[in-house]
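Here is the structure we will look at, set down as structure tokens.
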Amino acid sequence: MLYRLAFICTVVVGGLAAAPRTGRAEPHLEVSAQKPRPGDPILVTVTGVDRMPRGAGGKVPLIFFPVAAGWQAVFAVPLDDNQAELKVVLSQPRLSQTLAIEPRKWDEEQVKIADPEMAEPPADKRKIINKDNATIIAAIRDPGPPRFAAGFGRPGNGEKTSTFGAWRTLNGGYRSRHLGLDFGVRKGTDVKAIQDGKVGAVTSGFLTGGTVVITHGAGIASTYFHLDDIKVAVGDTVERGVVIGKVGMTGRTTGPHIHIGIWVPGGFIDPDAFFKLKIGPPVEPPRK
């Protein structure tokens, strides 16, 4: 949980499949949802073009990568309850769609925290939290090529205990936004990487506790909080399903659980919706 952070027929070549010829098909733009909600990820697919598309989802530049059908990019619908619509506009090729934003009802949670400094951090602790947040944000920004193979999996099993975007009232006073998804499990349970990637940060945050950031390329990253016994280091290359640490109770937490956050261009998004996207698999770019 972040403090005040408001703000996815082939021939094998070099480990990836070669992109097919698009022939004379007309350029086409497809989005994964016509009526997304705030905090949802949007998967953009462009077909009928050989060159990498260029464009934006709202104000967010799209980071495209090649797939067998054409090109894909993922971006975040802003966490703005007052936004009525969102435009996806491509300059290459010249295509666009306007999406109607569906209103979203956010969960409200009452949370009891034993340590007053954890419930409402004083000024000196907020400086530490701001530094922690800056470290995480710097690590998750990765516009490089995709490192992932296909769809993304969950970091472990367990019952969902807290939803994305929930507003938490701590000890009846301070309110905080939950920008991830929690699964209740036993302390010491394995926490696994949700896809192939590179470890961008390993740190211990005041609120987030033992923290790992994995970058997956194409602007996609995953964050894992409250860990114990972290088993990876910055710069490590990891594969989907590898154990990166154990469930702990570090940082601000009321019990052992897996916290997974997912970042795509534009911000953190609802992991539940992200796991349902039909992403990739990435392929080699078309030959010129």
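Chain identifiers are assigned as A, B, and so on, following the order in which chains appear in the structure tokens; residues are numbered from 1 within each chain, and ligands are numbered from 1 in order of appearance.
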
Check: Using only C-alpha atoms, which residues sit within 10 Å of Pro78 in chain A once same-chain residues fewer than 4 positions away are excluded, as a PyMOL selection string?
Finding: chain A and resi 6-7+37-41+58-60+83+86+101+266-269

Deliver the residues from the most recent selection as a file, using N, CA and C atoms, as an mmCIF file, in the first residue's frame.
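Okay, out06.cif is ready:
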```
data_model
loop_
_atom_site.group_PDB
_atom_site.id
_atom_site.type_symbol
_atom_site.label_atom_id
_atom_site.label_comp_id
_atom_site.auth_asym_id
_atom_site.auth_seq_id
_atom_site.Cartn_x
_atom_site.Cartn_y
_atom_site.Cartn_z
ATOM 1 N N ALA A 6 -1.820 8.474 -5.826
ATOM 2 C CA ALA A 6 -3.047 8.308 -6.557
ATOM 3 C C ALA A 6 -2.775 7.909 -8.015
ATOM 4 N N PHE A 7 -2.377 8.051 -7.987
ATOM 5 C CA PHE A 7 -2.087 7.896 -9.303
ATOM 6 C C PHE A 7 -2.329 6.407 -9.270
ATOM 7 N N ARG A 37 -13.993 1.109 -16.284
ATOM 8 C CA ARG A 37 -14.183 1.824 -15.029
ATOM 9 C C ARG A 37 -12.877 2.502 -14.622
ATOM 10 N N PRO A 38 -12.938 3.513 -13.763
ATOM 11 C CA PRO A 38 -11.692 4.076 -13.236
ATOM 12 C C PRO A 38 -10.822 2.981 -12.616
ATOM 13 N N GLY A 39 -9.530 3.007 -12.934
ATOM 14 C CA GLY A 39 -8.616 2.006 -12.408
ATOM 15 C C GLY A 39 -8.530 0.738 -13.217
ATOM 16 N N ASP A 40 -9.288 0.638 -14.305
ATOM 17 C CA ASP A 40 -9.199 -0.540 -15.164
ATOM 18 C C ASP A 40 -8.024 -0.410 -16.133
ATOM 19 N N PRO A 41 -7.437 -1.532 -16.546
ATOM 20 C CA PRO A 41 -6.464 -1.506 -17.641
ATOM 21 C C PRO A 41 -7.202 -1.619 -18.967
ATOM 22 N N GLY A 58 -6.017 8.669 -23.758
ATOM 23 C CA GLY A 58 -6.132 9.901 -22.986
ATOM 24 C C GLY A 58 -4.860 10.704 -23.159
ATOM 25 N N LYS A 59 -4.181 10.993 -22.041
ATOM 26 C CA LYS A 59 -2.921 11.733 -22.085
ATOM 27 C C LYS A 59 -1.697 10.829 -21.956
ATOM 28 N N VAL A 60 -1.930 9.512 -21.984
ATOM 29 C CA VAL A 60 -0.851 8.559 -21.746
ATOM 30 C C VAL A 60 -0.304 8.031 -23.073
ATOM 31 N N GLN A 83 -14.470 11.723 -14.510
ATOM 32 C CA GLN A 83 -14.204 11.647 -15.943
ATOM 33 C C GLN A 83 -15.276 10.810 -16.624
ATOM 34 N N LEU A 86 -13.081 8.759 -22.381
ATOM 35 C CA LEU A 86 -11.646 8.653 -22.601
ATOM 36 C C LEU A 86 -11.423 8.339 -24.079
ATOM 37 N N ILE A 101 -16.729 6.120 -19.755
ATOM 38 C CA ILE A 101 -16.261 5.633 -18.456
ATOM 39 C C ILE A 101 -17.446 5.250 -17.587
ATOM 40 N N GLY A 266 0.375 5.028 -17.149
ATOM 41 C CA GLY A 266 -0.770 5.780 -16.640
ATOM 42 C C GLY A 266 -1.042 5.572 -15.169
ATOM 43 N N GLY A 267 -0.524 4.476 -14.569
ATOM 44 C CA GLY A 267 -0.712 4.303 -13.130
ATOM 45 C C GLY A 267 -0.986 2.867 -12.720
ATOM 46 N N PHE A 268 -1.243 2.699 -11.421
ATOM 47 C CA PHE A 268 -1.623 1.395 -10.905
ATOM 48 C C PHE A 268 -3.039 1.057 -11.363
ATOM 49 N N ILE A 269 -3.265 -0.235 -11.631
ATOM 50 C CA ILE A 269 -4.584 -0.664 -12.122
ATOM 51 C C ILE A 269 -5.066 -1.875 -11.332
#
```

Next item on the list: Write out as a ChimeraX atom specification each polymer residue whose atoms come within 7 Å of Leu43 in chain A, counting only C-alpha atoms; drop sequence neighbours fewer than 4 positions from it.
Entry: /A:8,31-32,72-75,277

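Closest to Ile136 in chain A among A:Leu227, A:Ala100, A:Ala84, A:Ile214 is A:Ile214, based on only C-alpha atoms.
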
Next item on the list: Just give me the gap between CA of Lys192 in chain A and CA of Val111 in chain A in Å, one decimal is fine.
Entry: 26.9 Å

Margin query: Just list as a ChimeraX atom specification whatever in range 28-162 of chain A DSSP marks as strand (DSSP E).
Written below: /A:28-31,41-47,54-57,60-61,65-67,70-76,85-92,94-100,108-111,159-162

Notebook entry, point to check: A:Leu62, A:Ile128, A:Val243, A:Ala123: which is nearest Gly188 in chain A, counting only C-alpha atoms?
Noted result: A:Val243

Note to self: Restricting the calculation to only C-alpha atoms: of A:Gly255, A:Leu207, A:Val202, A:Val242, which residue gets closest to Ile230 in chain A?
What the structure shows: A:Val202
